[in-house]
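**Q** Dropping in my_file.cif, which is mmCIF, C-alpha atoms:
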data_upload
loop_
_atom_site.group_PDB
_atom_site.id
_atom_site.type_symbol
_atom_site.label_atom_id
_atom_site.label_comp_id
_atom_site.auth_asym_id
_atom_site.auth_seq_id
_atom_site.Cartn_x
_atom_site.Cartn_y
_atom_site.Cartn_z
ATOM 1 C CA MET G 1 134.477 72.144 69.566
ATOM 2 C CA SER G 2 131.327 73.460 67.992
ATOM 3 C CA LYS G 3 129.232 71.807 65.301
ATOM 4 C CA VAL G 4 130.778 74.060 62.665
ATOM 5 C CA ASP G 5 134.202 72.504 63.239
ATOM 6 C CA THR G 6 135.242 70.247 60.404
ATOM 7 C CA VAL G 7 137.801 67.479 60.158
ATOM 8 C CA LEU G 8 139.006 66.835 56.623
ATOM 9 C CA LEU G 9 140.155 63.274 55.866
ATOM 10 C CA PHE G 10 142.216 62.642 52.747
ATOM 11 C CA HIS G 11 142.742 59.277 51.047
ATOM 12 C CA PRO G 12 145.540 59.678 48.455
ATOM 13 C CA LYS G 13 145.650 58.005 45.058
ATOM 14 C CA LEU G 14 147.150 54.526 44.950
ATOM 15 C CA THR G 15 148.836 55.183 41.580
ATOM 16 C CA PRO G 16 149.430 58.343 39.529
ATOM 17 C CA LYS G 17 146.620 57.632 37.068
ATOM 18 C CA ASN G 18 144.596 54.952 38.849
ATOM 19 C CA SER G 19 144.200 53.234 35.496
ATOM 20 C CA GLY G 20 142.898 49.712 35.868
ATOM 21 C CA GLN G 21 142.749 50.022 39.638
ATOM 22 C CA VAL G 22 140.287 48.056 41.658
ATOM 23 C CA HIS G 23 138.501 50.656 43.751
ATOM 24 C CA PHE G 24 137.528 49.909 47.310
ATOM 25 C CA SER G 25 135.992 51.781 50.178
ATOM 26 C CA PRO G 26 138.666 53.259 52.427
ATOM 27 C CA LEU G 27 137.394 51.554 55.557
ATOM 28 C CA TYR G 28 140.239 52.930 57.677
ATOM 29 C CA VAL G 29 139.220 56.498 56.778
ATOM 30 C CA LEU G 30 135.594 55.682 57.524
ATOM 31 C CA SER G 31 136.559 54.107 60.871
ATOM 32 C CA VAL G 32 138.226 57.373 61.874
ATOM 33 C CA ALA G 33 135.233 59.416 60.688
ATOM 34 C CA ALA G 34 132.567 57.465 62.614
ATOM 35 C CA PRO G 35 133.452 58.509 66.188
ATOM 36 C CA LEU G 36 133.946 62.120 65.076
ATOM 37 C CA LEU G 37 130.469 62.168 63.566
ATOM 38 C CA GLU G 38 129.062 60.667 66.774
ATOM 39 C CA GLU G 39 130.562 63.632 68.647
ATOM 40 C CA GLY G 40 128.833 66.085 66.320
ATOM 41 C CA ILE G 41 131.958 67.037 64.380
ATOM 42 C CA ASN G 42 131.492 67.609 60.675
ATOM 43 C CA VAL G 43 133.663 65.294 58.576
ATOM 44 C CA GLU G 44 134.582 65.779 54.929
ATOM 45 C CA ILE G 45 136.296 62.945 53.044
ATOM 46 C CA ILE G 46 138.277 63.351 49.866
ATOM 47 C CA ASP G 47 139.127 60.065 48.136
ATOM 48 C CA SER G 48 141.464 60.738 45.235
ATOM 49 C CA ASN G 49 140.989 57.182 43.962
ATOM 50 C CA PHE G 50 137.448 58.001 42.910
ATOM 51 C CA GLY G 51 138.370 61.249 41.219
ATOM 52 C CA ASP G 52 137.563 63.490 44.178
ATOM 53 C CA ARG G 53 139.405 66.740 43.742
ATOM 54 C CA PHE G 54 139.942 69.125 46.601
ATOM 55 C CA ALA G 55 139.195 72.117 44.365
ATOM 56 C CA ASP G 56 135.778 70.663 43.470
ATOM 57 C CA LYS G 57 134.691 70.033 47.052
ATOM 58 C CA HIS G 58 134.083 73.667 48.092
ATOM 59 C CA ILE G 59 135.221 73.012 51.650
ATOM 60 C CA ASP G 60 135.412 76.066 53.883
ATOM 61 C CA LEU G 61 138.958 75.716 55.205
ATOM 62 C CA ASP G 62 138.291 78.402 57.797
ATOM 63 C CA LYS G 63 136.137 75.811 59.607
ATOM 64 C CA VAL G 64 138.639 72.964 59.267
ATOM 65 C CA ILE G 65 140.391 72.281 62.570
ATOM 66 C CA CYS G 66 142.380 69.267 61.441
ATOM 67 C CA VAL G 67 143.385 67.389 58.293
ATOM 68 C CA GLY G 68 143.992 63.655 58.472
ATOM 69 C CA ILE G 69 145.991 61.934 55.732
ATOM 70 C CA THR G 70 146.535 58.201 55.433
ATOM 71 C CA ALA G 71 149.042 56.482 53.174
ATOM 72 C CA MET G 72 150.681 53.204 52.400
ATOM 73 C CA THR G 73 154.329 53.240 51.406
ATOM 74 C CA GLY G 74 154.371 53.986 47.680
ATOM 75 C CA TYR G 75 152.718 56.580 45.456
ATOM 76 C CA GLN G 76 150.158 57.522 48.095
ATOM 77 C CA ILE G 77 152.910 59.298 49.991
ATOM 78 C CA GLN G 78 153.539 61.787 47.179
ATOM 79 C CA ASP G 79 149.833 62.474 46.640
ATOM 80 C CA GLY G 80 149.404 62.957 50.390
ATOM 81 C CA ILE G 81 152.393 65.293 50.609
ATOM 82 C CA ASP G 82 151.111 67.329 47.659
ATOM 83 C CA PHE G 83 147.755 67.682 49.406
ATOM 84 C CA ALA G 84 149.390 68.620 52.718
ATOM 85 C CA MET G 85 151.469 71.300 51.014
ATOM 86 C CA THR G 86 148.334 72.736 49.386
ATOM 87 C CA ILE G 87 146.750 73.050 52.820
ATOM 88 C CA ARG G 88 149.951 74.493 54.336
ATOM 89 C CA ARG G 89 150.239 77.196 51.649
ATOM 90 C CA THR G 90 146.739 78.536 52.173
ATOM 91 C CA HIS G 91 146.040 77.733 55.837
ATOM 92 C CA PRO G 92 149.306 77.177 57.740
ATOM 93 C CA ASN G 93 147.562 76.947 61.134
ATOM 94 C CA ILE G 94 145.487 73.863 60.309
ATOM 95 C CA LYS G 95 146.812 70.822 62.146
ATOM 96 C CA ILE G 96 147.883 67.989 59.845
ATOM 97 C CA VAL G 97 147.822 64.442 61.195
ATOM 98 C CA TRP G 98 149.513 61.726 59.161
ATOM 99 C CA GLY G 99 148.613 58.080 59.676
ATOM 100 C CA GLY G 100 148.453 54.775 57.869
ATOM 101 C CA VAL G 101 150.901 52.020 57.102
ATOM 102 C CA HIS G 102 153.732 54.315 56.010
ATOM 103 C CA GLY G 103 153.530 56.370 59.180
ATOM 104 C CA SER G 104 153.541 53.226 61.282
ATOM 105 C CA LEU G 105 156.515 51.650 59.511
ATOM 106 C CA LEU G 106 158.652 54.754 58.945
ATOM 107 C CA PRO G 107 157.405 57.379 61.393
ATOM 108 C CA MET G 108 160.324 59.810 61.312
ATOM 109 C CA ARG G 109 160.545 59.809 57.524
ATOM 110 C CA ALA G 110 156.784 60.238 57.169
ATOM 111 C CA GLN G 111 156.659 63.127 59.611
ATOM 112 C CA LYS G 112 159.582 64.951 58.017
ATOM 113 C CA ALA G 113 158.287 64.519 54.458
ATOM 114 C CA SER G 114 154.683 65.403 55.202
ATOM 115 C CA GLY G 115 155.187 68.443 57.391
ATOM 116 C CA SER G 116 152.669 66.970 59.809
ATOM 117 C CA ILE G 117 152.379 68.116 63.375
ATOM 118 C CA LEU G 118 151.263 64.747 64.671
ATOM 119 C CA LEU G 119 151.971 61.268 63.428
ATOM 120 C CA LEU G 120 149.789 58.342 64.436
ATOM 121 C CA SER G 121 151.297 54.882 64.494
ATOM 122 C CA GLY G 122 149.242 51.717 64.611
ATOM 123 C CA ARG G 123 145.534 51.243 63.971
ATOM 124 C CA GLY G 124 143.468 54.399 63.712
ATOM 125 C CA ARG G 125 140.390 54.433 65.893
#
Please lay out the structure from this file as structure tokens.
**A**
Amino acid sequence: MSKVDTVLLFHPKLTPKNSGQVHFSPLYVLSVAAPLLEEGINVEIIDSNFGDRFADKHIDLDKVICVGITAMTGYQIQDGIDFAMTIRRTHPNIKIVWGGVHGSLLPMRAQKASGSILLLSGRGR
């Protein structure tokens, strides 16, 4: 991998509107990003809970080698699937990796629904 390679990490919304939500840092996304950064891989993080919108990020998808999506069972699944389908429509060759609690508890359902190539179960490191 060269330094222009980018891994895009997506943290889906917890609720449809996030009204009244307590916002927190997605430490699990950051824990995945840290070793990638140490290896010289560019990492972009989109956190929908803070109003990050993919369209506003101006990420060059031609440099993205992998998209990582995390989700708990609940609304995050739908937001993650919507994001994955957006990536699939425009760049079908980008690898999509699905992780998080939902993927660990219901791996076959998560993989089928998300269209991911790879599903990670357990703690992401």
**Q** Just so the selection is clear, what residues does the PyMOL selection byres ((chain G and resi 73-80) around 6) cover here, as a PyMOL selection string?
**A** chain G and resi 12-15+71-72+81-83+102
**Q** If you apply the PyMOL selection byres ((chain G and resi 8) around 7) to this file, what residues do you get, as a list in words?
**A**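 What the PyMOL selection byres ((chain G and resi 8) around 7) grabs from the file is Thr6, Val7, Leu9, Phe10, Val43, Glu44, Ile45, Val64, Cys66, Val67 and Gly68 of chain G.
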**Q** Which distance in Å separates CA of Asn49 in chain G and CA of His11 in chain G, to one decimal?
**A**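 Calculated distance between CA of Asn49 in chain G and CA of His11 in chain G is 7.6 Å.
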**Q** Of the residues G:Ile69, G:Lys63, G:Ser31, G:Glu38, which is the one nearest to Asn93 in chain G, using only C-alpha atoms?
**A**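 Closest residue, counting only C-alpha atoms: G:Lys63.
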**Q** Considering only C-alpha atoms, state which residue in the set G:Leu36, G:Asp5, G:Thr70, G:Tyr28 is at the smallest distance from Gly100 in chain G.
**A** G:Thr70
**Q** Expand the PyMOL selection byres ((chain G and resi 92) around 12) into the explicit residue set it covers here, and present it as a list in words.
**A** Leu61, Asp62, Val64, Ile65, Cys66, Val67, Ala84, Met85, Thr86, Ile87, Arg88, Arg89, Thr90, His91, Asn93, Ile94, Lys95, Ile96, Gly115, Ser116 and Ile117 of chain G
